[in-house]
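**Q** I am sharing protein-v2.cif, which consists of mmCIF, C-alpha atoms:
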```
data_final
#
loop_
_atom_site.label_atom_id
_atom_site.label_comp_id
_atom_site.auth_asym_id
_atom_site.auth_seq_id
_atom_site.Cartn_x
_atom_site.Cartn_y
_atom_site.Cartn_z
CA MET D 1003 -19.84 -19.59 6.48
CA THR D 1004 -22.68 -17.75 4.70
CA HIS D 1005 -22.39 -14.42 2.94
CA GLU D 1006 -24.49 -12.87 5.73
CA ASP D 1007 -21.89 -14.00 8.28
CA ILE D 1008 -19.12 -12.51 6.17
CA VAL D 1009 -21.00 -9.23 5.79
CA LYS D 1010 -21.58 -9.02 9.54
CA GLN D 1011 -17.89 -9.42 10.24
CA ILE D 1012 -16.41 -7.19 7.59
CA ALA D 1013 -18.88 -4.29 7.37
CA PRO D 1014 -17.17 -2.45 10.29
CA LEU D 1015 -13.83 -2.76 8.47
CA PHE D 1016 -15.28 -1.17 5.33
CA THR D 1017 -16.77 1.63 7.42
CA SER D 1018 -13.50 2.35 9.18
CA TYR D 1019 -11.55 2.52 5.90
CA LEU D 1020 -14.09 4.93 4.42
CA ASN D 1021 -14.15 7.07 7.54
CA GLU D 1022 -10.38 7.23 7.87
CA ASN D 1023 -9.82 8.14 4.22
CA PRO D 1024 -12.08 10.98 3.02
CA ASP D 1025 -10.93 10.55 -0.59
CA MET D 1026 -11.94 6.92 -0.70
CA GLU D 1027 -15.16 6.50 -2.67
CA VAL D 1028 -16.20 2.87 -2.88
CA ILE D 1029 -15.35 -0.43 -1.21
CA PHE D 1030 -17.06 -3.39 -2.77
CA LEU D 1031 -17.01 -7.16 -2.34
CA ALA D 1032 -18.46 -9.57 -4.89
CA THR D 1033 -18.21 -13.25 -5.62
CA THR D 1034 -16.12 -14.25 -8.61
CA ASP D 1035 -19.27 -15.58 -10.26
CA GLY D 1036 -20.78 -12.10 -10.25
CA PHE D 1037 -22.96 -11.65 -7.17
CA PRO D 1038 -22.66 -8.61 -4.91
CA VAL D 1039 -21.88 -9.33 -1.24
CA LEU D 1040 -21.26 -5.96 0.38
CA ASN D 1041 -20.64 -2.42 -0.71
CA GLN D 1042 -20.10 0.82 1.11
CA THR D 1043 -19.70 4.16 -0.58
CA ALA D 1044 -18.91 7.73 0.26
CA PRO D 1045 -22.14 9.79 0.48
CA SER D 1046 -21.46 11.45 -2.88
CA LYS D 1047 -21.21 8.16 -4.78
CA CYS D 1048 -23.78 5.70 -5.96
CA PHE D 1049 -23.72 2.81 -8.42
CA GLU D 1050 -25.64 -0.32 -9.34
CA ASP D 1051 -24.11 -3.13 -7.33
CA ASP D 1052 -25.36 -5.83 -9.74
CA LYS D 1053 -23.51 -4.24 -12.63
CA MET D 1054 -20.43 -3.66 -10.50
CA ALA D 1055 -20.44 -7.29 -9.37
CA ALA D 1056 -20.75 -8.51 -12.94
CA ALA D 1057 -17.93 -6.21 -14.08
CA SER D 1058 -15.72 -7.27 -11.15
CA SER D 1059 -16.32 -10.89 -11.98
CA THR D 1060 -15.41 -10.34 -15.62
CA LEU D 1061 -12.30 -8.40 -14.68
CA TYR D 1062 -11.27 -11.16 -12.27
CA SER D 1063 -11.59 -13.76 -15.03
CA VAL D 1064 -9.74 -11.68 -17.60
CA SER D 1065 -6.97 -10.72 -15.15
CA ASN D 1066 -6.55 -14.32 -14.07
CA ALA D 1067 -6.51 -15.57 -17.64
CA VAL D 1068 -3.87 -13.04 -18.69
CA SER D 1069 -1.77 -13.66 -15.60
CA GLN D 1070 -1.97 -17.43 -16.05
CA GLN D 1071 -1.18 -17.23 -19.74
CA ILE D 1072 1.79 -14.92 -19.49
CA LEU D 1073 3.19 -15.55 -16.01
CA ASN D 1074 1.66 -18.91 -15.17
CA LYS D 1075 0.55 -17.45 -11.82
CA ALA D 1076 -2.76 -16.37 -10.33
CA PHE D 1077 -3.41 -12.61 -10.42
CA LYS D 1078 -3.28 -10.53 -7.27
CA VAL D 1079 -4.19 -6.94 -8.11
CA THR D 1080 -5.67 -5.18 -11.15
CA PHE D 1081 -5.85 -1.41 -11.52
CA ILE D 1082 -8.00 0.93 -13.51
CA GLU D 1083 -6.46 4.38 -13.74
CA SER D 1084 -8.90 7.11 -14.72
CA GLU D 1085 -8.59 10.86 -15.24
CA ASP D 1086 -9.18 11.69 -11.60
CA GLY D 1087 -9.08 8.53 -9.59
CA ASN D 1088 -8.17 4.89 -9.50
CA VAL D 1089 -9.90 1.58 -8.90
CA ALA D 1090 -8.11 -1.52 -7.63
CA PHE D 1091 -9.37 -5.10 -7.63
CA VAL D 1092 -7.84 -7.96 -5.63
CA ALA D 1093 -8.58 -11.64 -5.57
CA LEU D 1094 -9.75 -12.68 -2.10
CA PRO D 1095 -10.15 -16.38 -1.28
CA LEU D 1096 -12.18 -16.99 1.90
CA PHE D 1097 -13.28 -20.38 3.17
CA GLU D 1098 -12.84 -22.13 -0.17
CA GLN D 1099 -14.93 -19.43 -1.85
CA HIS D 1100 -13.45 -16.87 -4.19
CA PHE D 1101 -14.26 -13.19 -4.00
CA VAL D 1102 -13.16 -9.95 -5.64
CA LEU D 1103 -12.53 -6.95 -3.43
CA ALA D 1104 -12.65 -3.55 -5.16
CA MET D 1105 -11.69 -0.14 -3.83
CA SER D 1106 -11.89 3.20 -5.60
CA ALA D 1107 -10.56 6.58 -4.63
CA GLY D 1108 -10.25 10.07 -6.06
CA GLY D 1109 -7.04 11.44 -7.50
CA LYS D 1110 -5.65 12.47 -4.12
CA ILE D 1111 -4.97 8.81 -3.28
CA ASN D 1112 -2.35 7.61 -5.74
CA ILE D 1113 -2.09 4.06 -7.07
CA ALA D 1114 0.65 3.07 -4.62
CA SER D 1115 -1.46 4.19 -1.65
CA LEU D 1116 -4.57 2.52 -3.01
CA ARG D 1117 -2.63 -0.70 -3.62
CA MET D 1118 -1.31 -0.64 -0.08
CA MET D 1119 -4.75 0.01 1.43
CA ILE D 1120 -6.63 -2.63 -0.55
CA ASN D 1121 -3.95 -5.23 0.22
CA ARG D 1122 -4.08 -4.31 3.89
CA LEU D 1123 -7.87 -4.52 3.92
CA ALA D 1124 -7.72 -7.90 2.16
CA ARG D 1125 -5.30 -9.19 4.82
CA GLU D 1126 -7.52 -7.84 7.62
CA ILE D 1127 -10.63 -9.47 6.12
CA HIS D 1128 -8.77 -12.74 5.72
CA ALA D 1129 -7.57 -12.62 9.33
CA LYS D 1130 -11.01 -11.71 10.66
CA ILE D 1131 -12.90 -14.36 8.72
CA ASN D 1132 -10.39 -17.07 9.47
CA SER D 1133 -10.00 -16.25 13.17
CA MET Q 1235 0.67 12.17 14.03
CA SER Q 1236 1.65 13.37 10.59
CA THR Q 1237 0.49 12.59 7.07
CA ILE Q 1238 2.79 11.43 4.28
CA GLU Q 1239 2.90 14.97 2.86
CA GLU Q 1240 3.88 16.38 6.25
CA ALA Q 1241 6.57 13.72 6.67
CA LEU Q 1242 7.95 14.57 3.22
CA SER Q 1243 7.96 18.29 4.00
CA GLY Q 1244 9.72 17.49 7.28
CA MET Q 1245 12.40 15.48 5.48
CA MET Q 1246 13.00 18.32 3.04
CA THR Q 1247 13.76 20.66 5.95
CA ILE Q 1248 16.74 18.49 6.91
CA GLN Q 1249 19.97 20.25 6.06
CA GLY Q 1250 21.39 18.99 2.76
CA ALA Q 1251 18.18 17.25 1.65
CA LEU Q 1252 18.07 16.71 -2.11
CA GLY Q 1253 14.99 14.57 -2.40
CA CYS Q 1254 12.82 12.29 -0.34
CA ALA Q 1255 10.08 9.76 -0.79
CA VAL Q 1256 7.71 7.38 0.94
CA VAL Q 1257 7.82 4.05 -0.85
CA ASP Q 1258 5.90 0.77 -0.84
CA TYR Q 1259 8.71 -1.75 -1.09
CA SER Q 1260 6.56 -4.69 -2.14
CA SER Q 1261 5.75 -2.88 -5.40
CA GLY Q 1262 8.52 -0.28 -5.53
CA MET Q 1263 5.89 2.41 -6.04
CA LEU Q 1264 5.98 5.93 -4.63
CA LEU Q 1265 3.28 7.02 -2.21
CA GLY Q 1266 4.72 10.49 -2.28
CA SER Q 1267 7.90 12.39 -3.03
CA GLN Q 1268 9.45 15.83 -2.83
CA GLY Q 1269 12.65 17.40 -4.10
CA ALA Q 1270 14.70 17.14 -7.24
CA GLY Q 1271 18.18 16.15 -8.33
CA VAL Q 1272 17.42 12.45 -7.93
CA ASP Q 1273 15.01 10.45 -10.10
CA LEU Q 1274 12.86 9.46 -7.13
CA GLU Q 1275 10.66 7.05 -9.06
CA LEU Q 1276 13.71 5.10 -10.14
CA ALA Q 1277 15.29 5.42 -6.69
CA ALA Q 1278 12.09 4.06 -5.10
CA ALA Q 1279 12.06 1.00 -7.32
CA GLY Q 1280 15.80 0.34 -6.90
CA ASN Q 1281 15.88 0.86 -3.16
CA SER Q 1282 12.86 -1.41 -2.72
CA GLU Q 1283 15.12 -4.18 -4.00
CA VAL Q 1284 17.76 -3.13 -1.45
CA VAL Q 1285 15.25 -3.45 1.39
CA LYS Q 1286 13.91 -6.78 0.17
CA ALA Q 1287 17.44 -8.14 -0.32
CA LYS Q 1288 18.43 -7.11 3.21
CA MET Q 1289 15.29 -8.66 4.69
CA ASN Q 1290 15.95 -11.91 2.82
CA THR Q 1291 19.57 -11.91 3.99
CA MET Q 1292 18.50 -11.41 7.59
CA LYS Q 1293 16.01 -14.25 7.22
CA SER Q 1294 18.68 -16.53 5.73
CA LEU Q 1295 21.04 -15.71 8.57
CA GLY Q 1296 18.30 -16.27 11.15
CA ILE Q 1297 18.61 -12.72 12.47
CA GLN Q 1298 15.57 -11.73 14.51
CA GLY Q 1299 14.17 -8.20 14.66
CA SER Q 1300 13.64 -5.56 12.06
CA ILE Q 1301 15.71 -3.06 10.11
CA GLU Q 1302 15.95 0.32 11.85
CA ASP Q 1303 17.64 2.05 8.98
CA ILE Q 1304 19.97 1.50 6.06
CA LEU Q 1305 22.67 4.04 5.21
CA ILE Q 1306 24.24 4.15 1.77
CA THR Q 1307 27.29 6.35 1.47
CA LEU Q 1308 28.12 7.59 -2.02
CA GLN Q 1309 30.92 9.88 -3.10
CA ASP Q 1310 28.76 13.00 -3.02
CA GLN Q 1311 25.53 11.84 -1.42
CA LEU Q 1312 24.15 10.02 1.56
CA HIS Q 1313 21.00 7.94 1.22
CA ILE Q 1314 18.97 6.95 4.27
CA ILE Q 1315 16.28 4.27 4.13
CA ARG Q 1316 14.04 3.93 7.17
CA PRO Q 1317 11.26 1.31 7.21
CA SER Q 1318 8.00 2.54 8.71
CA THR Q 1319 6.77 0.91 11.89
CA SER Q 1320 3.24 2.33 11.61
CA ASN Q 1321 2.81 1.23 7.99
CA GLU Q 1322 4.14 -2.23 7.35
CA GLY Q 1323 5.66 -2.45 3.87
CA LEU Q 1324 6.61 1.22 3.57
CA PHE Q 1325 9.93 2.98 3.97
CA LEU Q 1326 11.05 6.58 4.13
CA TYR Q 1327 13.85 7.47 1.75
CA LEU Q 1328 16.05 10.53 1.95
CA ALA Q 1329 18.89 11.59 -0.35
CA LEU Q 1330 21.31 14.11 1.14
CA ASP Q 1331 24.16 16.20 -0.19
CA LYS Q 1332 27.22 14.82 1.60
CA ASN Q 1333 28.99 18.18 1.72
CA THR Q 1334 26.23 20.04 3.52
CA ALA Q 1335 24.37 17.36 5.49
CA ASN Q 1336 24.94 16.34 9.08
CA LEU Q 1337 24.42 12.59 9.16
CA ALA Q 1338 23.72 12.29 12.90
CA LEU Q 1339 21.12 15.04 12.81
CA ALA Q 1340 19.55 13.68 9.64
CA ARG Q 1341 19.21 10.18 11.12
CA ARG Q 1342 17.69 11.57 14.27
CA LYS Q 1343 15.24 13.74 12.38
CA ILE Q 1344 14.15 10.97 10.02
CA ASN Q 1345 13.68 8.71 13.05
CA ASP Q 1346 11.37 11.32 14.61
CA LEU Q 1347 9.44 11.78 11.36
CA GLU Q 1348 9.02 8.03 10.94
CA SER Q 1349 7.79 7.61 14.52
CA ASP Q 1350 5.25 10.35 13.95
CA LEU Q 1351 3.93 9.05 10.63
CA LYS Q 1352 0.30 8.03 10.98
CA ARG Q 1353 -1.17 4.88 9.50
CA VAL Q 1354 -2.07 5.49 5.84
#
```
Show how you would write the structure in this file as structure tokens.
**A**
Amino acid sequence: MTHEDIVKQIAPLFTSYLNENPDMEVIFLATTDGFPVLNQTAPSKCFEDDKMAAASSTLYSVSNAVSQQILNKAFKVTFIESEDGNVAFVALPLFEQHFVLAMSAGGKINIASLRMMINRLAREIHAKINS
Amino acid sequence: MSTIEEALSGMMTIQGALGCAVVDYSSGMLLGSQGAGVDLELAAAGNSEVVKAKMNTMKSLGIQGSIEDILITLQDQLHIIRPSTSNEGLFLYLALDKNTANLALARRKINDLESDLKRV
């Protein structure tokens, strides 16, 4: 399956999450080697997807290295907590390829809610791509 | 359909309510809470283990179906845990003062609030 096929299938999911949650700002998918696949943002947000993909890839590697070193397990979720908002990153394996899914939201969506939503979206993407 | 904040406000209107929360039991984290008198962050984490333990026990026993609610009776308090059907992995948690609460009414009300909770 190509990245274009993946984008075609999951873009409506990204749109629905952004539409249903007004405080959600960014949903972003990148490969673990640092290439952007798909991003959707709230109208007020913009960012450079190349830089975001590179940062996501780095964070994936660091999170995995720490998790493997300390717990001897692959990482699942990493959070960045900022002054007024949070960003979550999850590892997302699809068709023997590895991706990082990122989601950011303003302060009205707390970490627990963001964690639940990004995990749910990851499960939905997995189900859609593998169906 | 109601939001988490509306569900929490609804739980706090139940007679005898001390504190309430909506909890993600896979992480033990609070999605929201209201009230005082109980350390709700600690209660969320602890009761997440209760829910997971019960689910594992049901699985071990081969019991089909899901948990409707869990009632914990303490000397002075009643605690009700009600897993959410609209949001898999979440539960509603309500701590009540045993002397002033009406258990039947509280269970009924929390059932209604849970049924009305919209997908997060």
**Q** Just the number, please: distance in Å from CA of Glu1006 in chain D to CA of Leu1061 in chain D, one decimal.
**A**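 Interatomic distance here is 24.2 Å.
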**Q** For each of Q:Met1292, Q:Leu1242, Q:Ala1251, Q:Leu1265, take the minimum atom-to-atom distance to chain D, counting all atoms listed in the file, then give the residue where this is smallest.
**A**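 Checking each candidate against chain D, we get Q:Leu1265 as the closest.
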**Q** I'd like a table as a Markdown table: residues in chain D with an atom no more than 10 Å from chain Q, each row giving the shortest atom pair and its distance in Å to one decimal, all atoms listed in the file counted, sorted by chain and rising residue number.
**A**
```
| residue | atom | partner | partner_atom | distance |
| --- | --- | --- | --- | --- |
| D:Tyr1019 | CA | Q:Val1354 | CA | 9.9 |
| D:Glu1022 | CA | Q:Val1354 | CA | 8.7 |
| D:Asn1023 | CA | Q:Val1354 | CA | 8.3 |
| D:Ile1111 | CA | Q:Leu1265 | CA | 8.5 |
| D:Asn1112 | CA | Q:Leu1265 | CA | 6.7 |
| D:Ile1113 | CA | Q:Leu1265 | CA | 7.8 |
| D:Ala1114 | CA | Q:Leu1265 | CA | 5.3 |
| D:Ser1115 | CA | Q:Leu1265 | CA | 5.5 |
| D:Leu1116 | CA | Q:Leu1265 | CA | 9.1 |
| D:Arg1117 | CA | Q:Ser1261 | CA | 8.8 |
| D:Met1118 | CA | Q:Asp1258 | CA | 7.4 |
| D:Met1119 | CA | Q:Val1354 | CA | 7.5 |
| D:Arg1122 | CA | Q:Glu1322 | CA | 9.2 |
```
**Q** For the point (-12.3, -13.3, -15.5) in the file's frame, write as number ranges by chain all residues with an atom no more than 12 Å away, counting only C-alpha atoms.
**A** D: 1033-1036, 1055-1070, 1076-1077, 1080, 1091, 1093, 1100-1102
**Q** Near range 1337-1340 of chain Q, counting all atoms listed in the file, which residues have an atom at most 12 Å away, once you skip same-chain residues fewer than 6 positions from it, shown as a PDB file with C-alpha atoms, keeping the file's coordinate frame?
**A**
```pdb
ATOM      1  CA  GLY Q1244       9.720  17.490   7.280  1.00  0.00           C
ATOM      2  CA  MET Q1245      12.400  15.480   5.480  1.00  0.00           C
ATOM      3  CA  MET Q1246      13.000  18.320   3.040  1.00  0.00           C
ATOM      4  CA  THR Q1247      13.760  20.660   5.950  1.00  0.00           C
ATOM      5  CA  ILE Q1248      16.740  18.490   6.910  1.00  0.00           C
ATOM      6  CA  GLN Q1249      19.970  20.250   6.060  1.00  0.00           C
ATOM      7  CA  GLY Q1250      21.390  18.990   2.760  1.00  0.00           C
ATOM      8  CA  ALA Q1251      18.180  17.250   1.650  1.00  0.00           C
ATOM      9  CA  ASP Q1303      17.640   2.050   8.980  1.00  0.00           C
ATOM     10  CA  LEU Q1305      22.670   4.040   5.210  1.00  0.00           C
ATOM     11  CA  ILE Q1306      24.240   4.150   1.770  1.00  0.00           C
ATOM     12  CA  THR Q1307      27.290   6.350   1.470  1.00  0.00           C
ATOM     13  CA  GLN Q1311      25.530  11.840  -1.420  1.00  0.00           C
ATOM     14  CA  LEU Q1312      24.150  10.020   1.560  1.00  0.00           C
ATOM     15  CA  HIS Q1313      21.000   7.940   1.220  1.00  0.00           C
ATOM     16  CA  ILE Q1314      18.970   6.950   4.270  1.00  0.00           C
ATOM     17  CA  ILE Q1315      16.280   4.270   4.130  1.00  0.00           C
ATOM     18  CA  ARG Q1316      14.040   3.930   7.170  1.00  0.00           C
ATOM     19  CA  TYR Q1327      13.850   7.470   1.750  1.00  0.00           C
ATOM     20  CA  LEU Q1328      16.050  10.530   1.950  1.00  0.00           C
ATOM     21  CA  ALA Q1329      18.890  11.590  -0.350  1.00  0.00           C
ATOM     22  CA  LEU Q1330      21.310  14.110   1.140  1.00  0.00           C
ATOM     23  CA  ASP Q1331      24.160  16.200  -0.190  1.00  0.00           C
ATOM     24  CA  ASP Q1346      11.370  11.320  14.610  1.00  0.00           C
ATOM     25  CA  LEU Q1347       9.440  11.780  11.360  1.00  0.00           C
TER      26      LEU Q1347
END
```
**Q** With distances taken over all atoms listed in the file, which of D:Val1089, D:Ile1012, D:Ile1072, D:Met1054 is nearest to Asn1132 in chain D?
**A**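 Selected residue with least distance to Asn1132 in chain D: D:Ile1012.
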**Q** What does the distance from CA of Glu1085 in chain D to CA of Val1272 in chain Q come to in Å, to one decimal?
**A**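 Pair CA of Glu1085 in chain D / CA of Val1272 in chain Q returns 27.1 Å.
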**Q** Taking all atoms listed in the file into account, name the residue in D:Ala1104, D:Leu1123, D:Val1009, D:Ile1131 that is nearest to Thr1043 in chain D.
**A**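 Nearest to Thr1043 in chain D: D:Ala1104.
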**Q** I want to know what sits within 6 Å of Glu1027 in chain D, based on only C-alpha atoms, with residues of the same chain fewer than 6 positions away left out; could you give that as a VMD selection string?
**A** chain D and resid 1043 to 1044 1106 to 1107
**Q** Between CA of Leu1351 in chain Q and CA of Pro1317 in chain Q, what distance in Å does the model show, to one decimal?
**A**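 CA of Pro1317 in chain Q lies 11.2 Å from CA of Leu1351 in chain Q.
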**Q** Selection in question (the file shown): the PyMOL selection byres ((chain Q and resi 1349) around 9). Which residues does it include, as a ChimeraX atom specification?
**A** /Q:1235,1318-1320,1344-1348,1350-1352
**Q** Write the residues of the selection above to a file with C-alpha atoms, as a PDB file, keeping the file's coordinate frame.
**A**
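What follows is the written file out-v1.pdb:
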```
ATOM      1  CA  MET Q1235       0.670  12.170  14.030  1.00  0.00           C
ATOM      2  CA  SER Q1318       8.000   2.540   8.710  1.00  0.00           C
ATOM      3  CA  THR Q1319       6.770   0.910  11.890  1.00  0.00           C
ATOM      4  CA  SER Q1320       3.240   2.330  11.610  1.00  0.00           C
ATOM      5  CA  ILE Q1344      14.150  10.970  10.020  1.00  0.00           C
ATOM      6  CA  ASN Q1345      13.680   8.710  13.050  1.00  0.00           C
ATOM      7  CA  ASP Q1346      11.370  11.320  14.610  1.00  0.00           C
ATOM      8  CA  LEU Q1347       9.440  11.780  11.360  1.00  0.00           C
ATOM      9  CA  GLU Q1348       9.020   8.030  10.940  1.00  0.00           C
ATOM     10  CA  ASP Q1350       5.250  10.350  13.950  1.00  0.00           C
ATOM     11  CA  LEU Q1351       3.930   9.050  10.630  1.00  0.00           C
ATOM     12  CA  LYS Q1352       0.300   8.030  10.980  1.00  0.00           C
TER      13      LYS Q1352
END
```
**Q** Rank nothing, just name the residue among Q:Lys1286, Q:Lys1332, Q:Lys1343, Q:Lys1293 nearest to Leu1252 in chain Q, using only C-alpha atoms.
**A**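 For Leu1252 in chain Q, the nearest of the given residues is Q:Lys1332.
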**Q** For a quick check of understanding, using all atoms listed in the file, which of D:Ala1124, D:Val1039, D:Met1026, D:Ala1129 has the smallest distance to Leu1094 in chain D?
**A**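 Using all atoms listed in the file, Leu1094 in chain D sits closest to D:Ala1124.
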**Q** Here's the selection I'm unsure about, the PyMOL selection byres ((chain Q and resi 1268) around 6); applied to the file above, which residues does it give, as number ranges by chain?
**A** Q: 1253-1254, 1267, 1269
**Q** Using only C-alpha atoms, pick whichever of D:Val1092, D:Phe1081, D:Lys1053, D:Leu1103 has the shortest atom-to-atom distance to Val1028 in chain D.
**A**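 Checking each candidate against Val1028 in chain D, we get D:Leu1103 as the closest.
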**Q** Just need the box for range 1302-1305 of chain Q, edges along x, y and z, holding every atom the file lists for it with 6 Å tacked onto each side, so centre and edge lengths in Å to one decimal, as AutoDock Vina command-line options.
**A**
```
--center_x 19.3 --center_y 2.2 --center_z 8.5 --size_x 18.7 --size_y 15.7 --size_z 18.6
```
**Q** How would range 1294-1305 of chain Q look with N, CA and C atoms restored, written as a JSON list (two decimals), keeping the file's coordinate frame?
**A**
```json
[["chain", "number", "residue", "atom", "x", "y", "z"],
["Q", 1294, "SER", "N", 17.75, -15.41, 5.99],
["Q", 1294, "SER", "CA", 18.68, -16.53, 5.73],
["Q", 1294, "SER", "C", 19.64, -16.73, 6.89],
["Q", 1295, "LEU", "N", 20.07, -15.63, 7.47],
["Q", 1295, "LEU", "CA", 21.04, -15.71, 8.57],
["Q", 1295, "LEU", "C", 20.36, -16.01, 9.91],
["Q", 1296, "GLY", "N", 19.04, -16.01, 9.91],
["Q", 1296, "GLY", "CA", 18.30, -16.27, 11.15],
["Q", 1296, "GLY", "C", 18.36, -15.11, 12.12],
["Q", 1297, "ILE", "N", 18.55, -13.90, 11.59],
["Q", 1297, "ILE", "CA", 18.61, -12.72, 12.47],
["Q", 1297, "ILE", "C", 17.19, -12.26, 12.78],
["Q", 1298, "GLN", "N", 16.90, -12.18, 14.07],
["Q", 1298, "GLN", "CA", 15.57, -11.73, 14.51],
["Q", 1298, "GLN", "C", 15.53, -10.20, 14.51],
["Q", 1299, "GLY", "N", 14.32, -9.65, 14.57],
["Q", 1299, "GLY", "CA", 14.17, -8.20, 14.66],
["Q", 1299, "GLY", "C", 14.00, -7.58, 13.30],
["Q", 1300, "SER", "N", 13.94, -6.27, 13.31],
["Q", 1300, "SER", "CA", 13.64, -5.56, 12.06],
["Q", 1300, "SER", "C", 14.78, -4.59, 11.73],
["Q", 1301, "ILE", "N", 14.71, -4.05, 10.53],
["Q", 1301, "ILE", "CA", 15.71, -3.06, 10.11],
["Q", 1301, "ILE", "C", 15.32, -1.71, 10.68],
["Q", 1302, "GLU", "N", 16.24, -1.05, 11.37],
["Q", 1302, "GLU", "CA", 15.95, 0.32, 11.85],
["Q", 1302, "GLU", "C", 16.21, 1.32, 10.74],
["Q", 1303, "ASP", "N", 17.40, 1.24, 10.17],
["Q", 1303, "ASP", "CA", 17.64, 2.05, 8.98],
["Q", 1303, "ASP", "C", 18.79, 1.47, 8.18],
["Q", 1304, "ILE", "N", 18.88, 1.92, 6.95],
["Q", 1304, "ILE", "CA", 19.97, 1.50, 6.06],
["Q", 1304, "ILE", "C", 20.62, 2.79, 5.56],
["Q", 1305, "LEU", "N", 21.95, 2.86, 5.68],
["Q", 1305, "LEU", "CA", 22.67, 4.04, 5.21],
["Q", 1305, "LEU", "C", 23.53, 3.65, 4.02]]
```
